[in-house]
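The file entry_6.cif comes next; it holds mmCIF, N, CA and C atoms.
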data_input
#
loop_
_atom_site.label_atom_id
_atom_site.label_comp_id
_atom_site.auth_asym_id
_atom_site.auth_seq_id
_atom_site.Cartn_x
_atom_site.Cartn_y
_atom_site.Cartn_z
N MET A 16 15.66 -1.04 14.96
CA MET A 16 15.02 -2.30 14.64
C MET A 16 14.44 -2.19 13.23
N PRO A 17 14.88 -3.03 12.28
CA PRO A 17 14.35 -2.97 10.92
C PRO A 17 12.88 -3.38 10.87
N ARG A 18 12.04 -2.43 10.54
CA ARG A 18 10.62 -2.69 10.37
C ARG A 18 10.23 -2.22 8.98
N TYR A 19 9.22 -2.88 8.46
CA TYR A 19 8.78 -2.59 7.11
C TYR A 19 7.29 -2.30 7.09
N ASN A 20 6.90 -1.40 6.22
CA ASN A 20 5.51 -1.08 5.98
C ASN A 20 5.03 -1.98 4.86
N VAL A 21 3.92 -2.67 5.11
CA VAL A 21 3.41 -3.64 4.14
C VAL A 21 1.97 -3.26 3.79
N LYS A 22 1.70 -3.15 2.50
CA LYS A 22 0.35 -2.83 2.02
C LYS A 22 -0.25 -4.08 1.39
N ASN A 23 -1.47 -4.43 1.81
CA ASN A 23 -2.10 -5.62 1.24
C ASN A 23 -2.96 -5.26 0.02
N ALA A 24 -3.56 -6.26 -0.59
CA ALA A 24 -4.35 -6.06 -1.80
C ALA A 24 -5.59 -5.21 -1.57
N ASN A 25 -6.04 -5.10 -0.32
CA ASN A 25 -7.21 -4.29 0.02
C ASN A 25 -6.84 -2.85 0.37
N GLY A 26 -5.55 -2.52 0.24
CA GLY A 26 -5.11 -1.16 0.52
C GLY A 26 -4.87 -0.88 1.99
N LYS A 27 -4.90 -1.92 2.83
CA LYS A 27 -4.62 -1.74 4.25
C LYS A 27 -3.13 -1.95 4.50
N TRP A 28 -2.66 -1.42 5.63
CA TRP A 28 -1.24 -1.43 5.96
C TRP A 28 -0.98 -2.13 7.29
N ALA A 29 0.20 -2.75 7.40
CA ALA A 29 0.66 -3.37 8.65
C ALA A 29 2.16 -3.20 8.75
N CYS A 30 2.65 -3.41 9.95
CA CYS A 30 4.09 -3.32 10.20
C CYS A 30 4.66 -4.73 10.35
N PHE A 31 5.75 -5.00 9.66
CA PHE A 31 6.45 -6.29 9.73
C PHE A 31 7.85 -6.04 10.27
N SER A 32 8.25 -6.83 11.28
CA SER A 32 9.58 -6.72 11.87
C SER A 32 10.49 -7.81 11.31
N SER A 33 11.61 -7.40 10.76
CA SER A 33 12.58 -8.38 10.26
C SER A 33 13.46 -8.93 11.38
N ILE A 34 13.35 -8.37 12.57
CA ILE A 34 14.09 -8.92 13.71
C ILE A 34 13.43 -10.21 14.19
N ILE A 35 12.11 -10.18 14.32
CA ILE A 35 11.39 -11.37 14.79
C ILE A 35 10.69 -12.09 13.64
N ASP A 36 10.80 -11.54 12.43
CA ASP A 36 10.15 -12.11 11.24
C ASP A 36 8.67 -12.36 11.49
N GLU A 37 7.98 -11.32 11.94
CA GLU A 37 6.55 -11.41 12.18
C GLU A 37 5.89 -10.05 11.94
N PHE A 38 4.59 -10.10 11.64
CA PHE A 38 3.81 -8.88 11.65
C PHE A 38 3.64 -8.45 13.10
N VAL A 39 3.84 -7.17 13.37
CA VAL A 39 3.70 -6.67 14.74
C VAL A 39 2.43 -5.84 14.91
N THR A 40 1.72 -5.62 13.82
CA THR A 40 0.40 -4.98 13.89
C THR A 40 -0.52 -5.74 12.95
N PRO A 41 -1.81 -5.64 13.19
CA PRO A 41 -2.75 -6.14 12.19
C PRO A 41 -2.81 -5.15 11.03
N PHE A 42 -3.35 -5.59 9.90
CA PHE A 42 -3.58 -4.67 8.79
C PHE A 42 -4.70 -3.73 9.18
N MET A 43 -4.55 -2.46 8.81
CA MET A 43 -5.53 -1.44 9.17
C MET A 43 -5.59 -0.39 8.07
N PRO A 44 -6.67 0.41 8.06
CA PRO A 44 -6.74 1.48 7.07
C PRO A 44 -5.53 2.41 7.18
N LYS A 45 -5.17 3.01 6.06
CA LYS A 45 -3.97 3.86 5.99
C LYS A 45 -3.95 4.95 7.04
N ASP A 46 -5.07 5.64 7.27
CA ASP A 46 -5.07 6.74 8.25
C ASP A 46 -4.80 6.22 9.65
N GLU A 47 -5.37 5.07 10.01
CA GLU A 47 -5.09 4.48 11.33
C GLU A 47 -3.63 4.06 11.44
N TYR A 48 -3.11 3.47 10.36
CA TYR A 48 -1.72 3.01 10.37
C TYR A 48 -0.76 4.18 10.54
N GLU A 49 -1.03 5.27 9.84
CA GLU A 49 -0.16 6.45 9.97
C GLU A 49 -0.23 7.01 11.40
N LYS A 50 -1.41 7.03 12.00
CA LYS A 50 -1.52 7.46 13.40
C LYS A 50 -0.71 6.56 14.31
N TRP A 51 -0.77 5.23 14.07
CA TRP A 51 0.01 4.28 14.87
C TRP A 51 1.50 4.57 14.71
N ARG A 52 1.96 4.78 13.48
CA ARG A 52 3.38 5.05 13.23
C ARG A 52 3.84 6.32 13.93
N ILE A 53 3.03 7.37 13.85
CA ILE A 53 3.41 8.64 14.48
C ILE A 53 3.56 8.44 15.99
N LYS A 54 2.63 7.73 16.59
CA LYS A 54 2.70 7.48 18.04
C LYS A 54 3.85 6.53 18.38
N GLU A 55 3.97 5.43 17.64
CA GLU A 55 4.99 4.41 17.91
C GLU A 55 6.41 4.98 17.83
N TYR A 56 6.67 5.80 16.84
CA TYR A 56 8.01 6.32 16.61
C TYR A 56 8.20 7.75 17.11
N ASN A 57 7.15 8.29 17.71
CA ASN A 57 7.21 9.64 18.27
C ASN A 57 7.70 10.65 17.23
N TYR A 58 7.14 10.54 16.03
CA TYR A 58 7.53 11.45 14.96
C TYR A 58 7.08 12.88 15.26
N THR A 59 7.92 13.81 14.89
CA THR A 59 7.51 15.21 14.87
C THR A 59 7.04 15.50 13.44
N GLU A 60 6.38 16.61 13.25
CA GLU A 60 5.91 16.97 11.91
C GLU A 60 7.08 17.03 10.93
N LYS A 61 8.23 17.48 11.41
CA LYS A 61 9.43 17.62 10.58
C LYS A 61 9.99 16.24 10.18
N ASP A 62 9.90 15.26 11.08
CA ASP A 62 10.48 13.93 10.85
C ASP A 62 9.56 12.99 10.08
N TYR A 63 8.28 13.25 10.08
CA TYR A 63 7.29 12.33 9.53
C TYR A 63 7.38 12.20 8.02
N GLU A 64 7.34 10.97 7.55
CA GLU A 64 7.24 10.63 6.13
C GLU A 64 6.14 9.58 6.01
N PRO A 65 5.29 9.64 5.00
CA PRO A 65 4.26 8.61 4.84
C PRO A 65 4.87 7.22 4.66
N ALA A 66 4.13 6.20 5.04
CA ALA A 66 4.62 4.82 5.01
C ALA A 66 5.22 4.43 3.67
N GLU A 67 4.55 4.83 2.59
CA GLU A 67 5.02 4.41 1.27
C GLU A 67 6.36 5.04 0.88
N ASN A 68 6.80 6.06 1.62
CA ASN A 68 8.09 6.70 1.36
C ASN A 68 9.19 6.14 2.26
N CYS A 69 8.86 5.18 3.09
CA CYS A 69 9.83 4.61 4.03
C CYS A 69 10.07 3.14 3.67
N ASN A 70 10.67 2.39 4.58
CA ASN A 70 10.94 0.97 4.33
C ASN A 70 9.64 0.26 3.99
N THR A 71 9.59 -0.35 2.82
CA THR A 71 8.41 -1.12 2.44
C THR A 71 8.81 -2.53 2.04
N MET A 72 7.82 -3.40 2.09
CA MET A 72 8.01 -4.80 1.75
C MET A 72 6.66 -5.28 1.21
N THR A 73 6.67 -6.21 0.28
CA THR A 73 5.42 -6.76 -0.21
C THR A 73 4.89 -7.80 0.77
N VAL A 74 3.62 -8.10 0.65
CA VAL A 74 3.04 -9.16 1.48
C VAL A 74 3.77 -10.47 1.23
N GLU A 75 4.07 -10.75 -0.03
CA GLU A 75 4.75 -12.00 -0.38
C GLU A 75 6.14 -12.07 0.27
N GLU A 76 6.87 -10.96 0.27
CA GLU A 76 8.19 -10.94 0.91
C GLU A 76 8.06 -11.17 2.42
N ALA A 77 7.05 -10.56 3.02
CA ALA A 77 6.84 -10.72 4.46
C ALA A 77 6.52 -12.17 4.80
N ILE A 78 5.64 -12.79 4.02
CA ILE A 78 5.27 -14.18 4.29
C ILE A 78 6.48 -15.10 4.09
N PHE A 79 7.28 -14.84 3.08
CA PHE A 79 8.48 -15.65 2.88
C PHE A 79 9.40 -15.52 4.09
N SER A 80 9.63 -14.30 4.54
CA SER A 80 10.48 -14.07 5.70
C SER A 80 9.91 -14.74 6.94
N LEU A 81 8.61 -14.64 7.12
CA LEU A 81 7.93 -15.28 8.25
C LEU A 81 8.14 -16.79 8.22
N SER A 82 8.18 -17.37 7.02
CA SER A 82 8.28 -18.83 6.90
C SER A 82 9.67 -19.38 7.19
N LEU A 83 10.67 -18.52 7.24
CA LEU A 83 12.05 -19.00 7.39
C LEU A 83 12.37 -19.56 8.77
N ASN A 84 11.78 -18.98 9.82
CA ASN A 84 12.18 -19.35 11.18
C ASN A 84 11.02 -19.72 12.09
N HIS A 85 9.89 -20.06 11.52
CA HIS A 85 8.72 -20.36 12.33
C HIS A 85 8.10 -21.69 11.93
N THR A 86 7.41 -22.30 12.88
CA THR A 86 6.69 -23.53 12.58
C THR A 86 5.44 -23.18 11.79
N GLY A 87 4.84 -24.18 11.20
CA GLY A 87 3.60 -23.96 10.46
C GLY A 87 2.53 -23.31 11.32
N LYS A 88 2.39 -23.78 12.55
CA LYS A 88 1.38 -23.22 13.45
C LYS A 88 1.69 -21.75 13.76
N GLN A 89 2.95 -21.42 14.00
CA GLN A 89 3.32 -20.03 14.29
C GLN A 89 3.04 -19.13 13.09
N ILE A 90 3.29 -19.64 11.89
CA ILE A 90 3.02 -18.87 10.68
C ILE A 90 1.53 -18.57 10.58
N LEU A 91 0.71 -19.61 10.75
CA LEU A 91 -0.74 -19.42 10.67
C LEU A 91 -1.24 -18.48 11.75
N GLU A 92 -0.69 -18.59 12.95
CA GLU A 92 -1.11 -17.69 14.04
C GLU A 92 -0.78 -16.24 13.70
N ASN A 93 0.40 -15.98 13.14
CA ASN A 93 0.76 -14.60 12.83
C ASN A 93 -0.05 -14.07 11.64
N LEU A 94 -0.32 -14.93 10.66
CA LEU A 94 -1.15 -14.50 9.54
C LEU A 94 -2.58 -14.20 9.99
N ALA A 95 -3.07 -14.96 10.96
CA ALA A 95 -4.40 -14.69 11.53
C ALA A 95 -4.36 -13.40 12.35
N PHE A 96 -3.30 -13.20 13.14
CA PHE A 96 -3.15 -11.98 13.94
C PHE A 96 -3.23 -10.73 13.07
N CYS A 97 -2.53 -10.76 11.94
CA CYS A 97 -2.48 -9.56 11.10
C CYS A 97 -3.70 -9.43 10.20
N GLY A 98 -4.50 -10.48 10.13
CA GLY A 98 -5.74 -10.40 9.37
C GLY A 98 -5.68 -10.92 7.95
N LEU A 99 -4.58 -11.58 7.59
CA LEU A 99 -4.49 -12.12 6.23
C LEU A 99 -5.29 -13.40 6.05
N ILE A 100 -5.49 -14.14 7.15
CA ILE A 100 -6.34 -15.34 7.11
C ILE A 100 -7.28 -15.30 8.31
N LYS A 101 -8.28 -16.17 8.27
CA LYS A 101 -9.21 -16.28 9.39
C LYS A 101 -8.48 -16.81 10.62
N PRO A 102 -8.99 -16.52 11.82
CA PRO A 102 -8.41 -17.12 13.03
C PRO A 102 -8.45 -18.64 12.93
N LEU A 103 -7.47 -19.30 13.54
CA LEU A 103 -7.34 -20.76 13.44
C LEU A 103 -8.60 -21.47 13.90
N GLU A 104 -9.27 -20.94 14.92
CA GLU A 104 -10.49 -21.57 15.42
C GLU A 104 -11.55 -21.62 14.32
N GLU A 105 -11.65 -20.55 13.55
CA GLU A 105 -12.63 -20.51 12.46
C GLU A 105 -12.25 -21.45 11.33
N ILE A 106 -10.96 -21.59 11.08
CA ILE A 106 -10.51 -22.52 10.03
C ILE A 106 -10.87 -23.94 10.44
N ARG A 107 -10.63 -24.27 11.71
CA ARG A 107 -10.95 -25.62 12.19
C ARG A 107 -12.45 -25.88 12.12
N GLU A 108 -13.26 -24.86 12.46
CA GLU A 108 -14.72 -25.01 12.40
C GLU A 108 -15.17 -25.25 10.98
N ASP A 109 -14.53 -24.62 10.01
CA ASP A 109 -14.89 -24.82 8.61
C ASP A 109 -14.63 -26.25 8.16
N ASP A 110 -13.66 -26.92 8.79
CA ASP A 110 -13.30 -28.28 8.42
C ASP A 110 -14.29 -29.31 8.97
N GLU A 111 -15.07 -28.92 9.95
CA GLU A 111 -15.98 -29.87 10.60
C GLU A 111 -17.24 -30.08 9.81
#

Please go through the file and, once you have read it, give me the structure as structure tokens.
Amino acid sequence: MPRYNVKNANGKWACFSSIIDEFVTPFMPKDEYEKWRIKEYNYTEKDYEPAENCNTMTVEEAIFSLSLNHTGKQILENLAFCGLIKPLEEIREDDE
């Protein structure tokens, strides 16, 4: 399954799947993300490579890919899930 490591402007990392065109993890500190990757992919010490040495994608590329096959609401929900924007409930409250 093609997955990409995405680093945001705050130096946090998330996983983006090009199969479903969505973030599959929230953004998290690098050490937490690496622990998630090791567990998720069952890496051995011999197989492990840091995220930046593997498949990477920019935040902009991920958002573009996300926008290709999703409704506006689905895009906002996934961006909120990964932490790039506030949860939709908070956005609506700000409008009131």

Using only N, CA and C atoms, find each residue of region 55-101 of chain A with at least one atom at most 5 Å away from an atom of region 34-51 of chain A; report its shortest atom-to-atom pair and that distance in Å (one decimal), sort the rows by chain and rising residue number, and return the result as a Markdown table.
| residue | atom | partner | partner_atom | distance |
| --- | --- | --- | --- | --- |
| A:Glu55 | N | A:Trp51 | C | 3.9 |
| A:Leu81 | CA | A:Asp36 | C | 4.4 |
| A:Phe96 | C | A:Pro41 | CA | 4.7 |
| A:Cys97 | CA | A:Pro41 | CA | 3.6 |

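The interatomic distance for the pair atom C of Asn93 (chain A) and atom C of Trp28 (chain A) works out to 12.7 Å.
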
As a VMD selection string, please: all residues of chain A that backbone DSSP puts in helix (DSSP H, G or I). chain A and resid 45 to 56 66 to 68 74 to 83 87 to 97 103 to 110

So that I can check the secondary structure, give me every residue of chain A assigned strand (DSSP E) by backbone DSSP, as a PyMOL selection string. chain A and resi 18-22+28-32+37-38+71-72

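Interatomic distance, CA of Pro17 (chain A) against atom C of Leu83 (chain A): 16.8 Å.
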
Step by step, work through what the PyMOL selection byres (((chain A and resi 80 and name CA) around 10) and name CA) selects in the shown file, and finish by giving those residues as a ChimeraX atom specification. /A:31-33,35-37,74-79,81-85

To one decimal place, how far is atom N of Lys101 (chain A) from atom N of Ala66 (chain A) in Å? 25.8 Å

Nearest to Ala24 (chain A), chosen from A:Ile53, A:Leu99, A:Cys69, A:Leu91, with only C-alpha atoms counted in the distances: A:Leu99

Answer key for the PyMOL selection byres (((chain A and resi 70 and name CA) around 12) and name CA), residues as a list in words: Met16, Pro17, Arg18, Tyr19, Asn20, Val21, Lys22, Ala29, Cys30, Phe31, Ser32, Ser33, Glu64, Pro65, Ala66, Glu67, Asn68, Cys69, Thr71, Met72 and Thr73 of chain A

Dump of region 22-38 of chain A from preceding block, all heavy atoms, as a compact mmCIF listing (two decimals), in the first residue's frame:
# COMPACT_ATOMS: atom_id res chain seq x y z
N LYS A 22 5.84 15.76 6.53
CA LYS A 22 6.30 16.63 7.62
C LYS A 22 5.65 18.00 7.47
O LYS A 22 5.68 18.59 6.38
CB LYS A 22 7.83 16.77 7.55
CG LYS A 22 8.42 17.60 8.65
CD LYS A 22 9.94 17.67 8.49
CE LYS A 22 10.59 18.56 9.50
NZ LYS A 22 12.04 18.67 9.27
N ASN A 23 5.04 18.50 8.55
CA ASN A 23 4.40 19.81 8.47
C ASN A 23 5.37 20.93 8.87
O ASN A 23 6.52 20.67 9.24
CB ASN A 23 3.09 19.86 9.26
CG ASN A 23 3.26 19.85 10.76
OD1 ASN A 23 4.35 20.07 11.30
ND2 ASN A 23 2.17 19.60 11.46
N ALA A 24 4.90 22.16 8.81
CA ALA A 24 5.74 23.32 9.09
C ALA A 24 6.22 23.37 10.54
O ALA A 24 7.21 24.03 10.84
CB ALA A 24 4.98 24.60 8.76
N ASN A 25 5.53 22.66 11.44
CA ASN A 25 5.91 22.62 12.85
C ASN A 25 6.87 21.47 13.16
O ASN A 25 7.17 21.22 14.32
CB ASN A 25 4.66 22.50 13.74
CG ASN A 25 3.77 23.72 13.61
OD1 ASN A 25 4.24 24.83 13.44
ND2 ASN A 25 2.47 23.51 13.68
N GLY A 26 7.28 20.75 12.12
CA GLY A 26 8.23 19.65 12.32
C GLY A 26 7.58 18.35 12.77
O GLY A 26 8.28 17.41 13.14
N LYS A 27 6.25 18.29 12.75
CA LYS A 27 5.55 17.06 13.11
C LYS A 27 5.32 16.23 11.86
O LYS A 27 5.31 16.74 10.74
CB LYS A 27 4.23 17.37 13.81
CG LYS A 27 4.45 18.02 15.17
CD LYS A 27 3.16 18.21 15.91
CE LYS A 27 3.44 18.75 17.30
NZ LYS A 27 2.20 18.93 18.05
N TRP A 28 5.09 14.93 12.07
CA TRP A 28 4.97 13.98 10.97
C TRP A 28 3.63 13.25 11.00
O TRP A 28 3.08 13.02 12.08
CB TRP A 28 6.09 12.94 11.05
CG TRP A 28 7.44 13.50 10.75
CD1 TRP A 28 8.22 14.23 11.60
CD2 TRP A 28 8.15 13.40 9.53
NE1 TRP A 28 9.39 14.58 10.98
CE2 TRP A 28 9.38 14.08 9.70
CE3 TRP A 28 7.89 12.80 8.31
CZ2 TRP A 28 10.32 14.18 8.70
CZ3 TRP A 28 8.85 12.89 7.31
CH2 TRP A 28 10.04 13.57 7.51
N ALA A 29 3.14 12.87 9.82
CA ALA A 29 1.92 12.07 9.69
C ALA A 29 2.08 11.15 8.50
O ALA A 29 2.94 11.36 7.63
CB ALA A 29 0.69 12.96 9.51
N CYS A 30 1.22 10.16 8.45
CA CYS A 30 1.22 9.20 7.34
C CYS A 30 0.04 9.49 6.43
O CYS A 30 -1.10 9.65 6.89
CB CYS A 30 1.13 7.79 7.91
SG CYS A 30 1.14 6.51 6.62
N PHE A 31 0.30 9.56 5.13
CA PHE A 31 -0.73 9.79 4.11
C PHE A 31 -0.78 8.58 3.21
O PHE A 31 0.25 8.12 2.72
CB PHE A 31 -0.41 11.04 3.29
CG PHE A 31 -1.50 11.41 2.33
CD1 PHE A 31 -2.56 12.21 2.74
CD2 PHE A 31 -1.48 10.94 1.03
CE1 PHE A 31 -3.58 12.54 1.85
CE2 PHE A 31 -2.48 11.26 0.13
CZ PHE A 31 -3.53 12.07 0.55
N SER A 32 -1.99 8.05 2.98
CA SER A 32 -2.18 6.90 2.09
C SER A 32 -2.67 7.37 0.73
O SER A 32 -3.69 8.06 0.63
CB SER A 32 -3.21 5.94 2.68
OG SER A 32 -3.57 4.96 1.72
N SER A 33 -1.95 6.98 -0.31
CA SER A 33 -2.38 7.33 -1.66
C SER A 33 -3.44 6.36 -2.19
O SER A 33 -4.01 6.60 -3.24
CB SER A 33 -1.18 7.38 -2.61
OG SER A 33 -0.60 6.10 -2.73
N ILE A 34 -3.71 5.30 -1.45
CA ILE A 34 -4.79 4.39 -1.84
C ILE A 34 -6.15 5.02 -1.54
O ILE A 34 -7.04 5.02 -2.38
CB ILE A 34 -4.66 3.03 -1.10
CG1 ILE A 34 -3.37 2.32 -1.49
CG2 ILE A 34 -5.89 2.15 -1.34
CD1 ILE A 34 -3.31 1.85 -2.93
N ILE A 35 -6.27 5.59 -0.34
CA ILE A 35 -7.55 6.21 0.04
C ILE A 35 -7.47 7.74 -0.04
O ILE A 35 -8.46 8.42 0.22
CB ILE A 35 -8.00 5.77 1.45
CG1 ILE A 35 -6.96 6.14 2.51
CG2 ILE A 35 -8.32 4.29 1.45
CD1 ILE A 35 -7.41 5.88 3.94
N ASP A 36 -6.30 8.27 -0.40
CA ASP A 36 -6.08 9.71 -0.49
C ASP A 36 -6.52 10.42 0.79
O ASP A 36 -7.29 11.37 0.75
CB ASP A 36 -6.80 10.31 -1.71
CG ASP A 36 -6.15 9.90 -3.01
OD1 ASP A 36 -4.91 9.74 -3.03
OD2 ASP A 36 -6.87 9.72 -4.01
N GLU A 37 -5.99 9.94 1.91
CA GLU A 37 -6.29 10.54 3.20
C GLU A 37 -5.10 10.37 4.14
O GLU A 37 -4.31 9.43 3.99
CB GLU A 37 -7.49 9.86 3.86
CG GLU A 37 -8.82 10.14 3.21
CD GLU A 37 -9.98 9.50 3.95
OE1 GLU A 37 -9.77 8.80 4.97
OE2 GLU A 37 -11.11 9.70 3.50
N PHE A 38 -5.03 11.27 5.12
CA PHE A 38 -4.10 11.06 6.22
C PHE A 38 -4.64 9.92 7.06
O PHE A 38 -5.84 9.86 7.34
CB PHE A 38 -3.98 12.32 7.08
CG PHE A 38 -3.17 13.40 6.42
CD1 PHE A 38 -3.79 14.43 5.74
CD2 PHE A 38 -1.78 13.38 6.49
CE1 PHE A 38 -3.03 15.43 5.13
CE2 PHE A 38 -1.02 14.37 5.88
CZ PHE A 38 -1.65 15.39 5.20
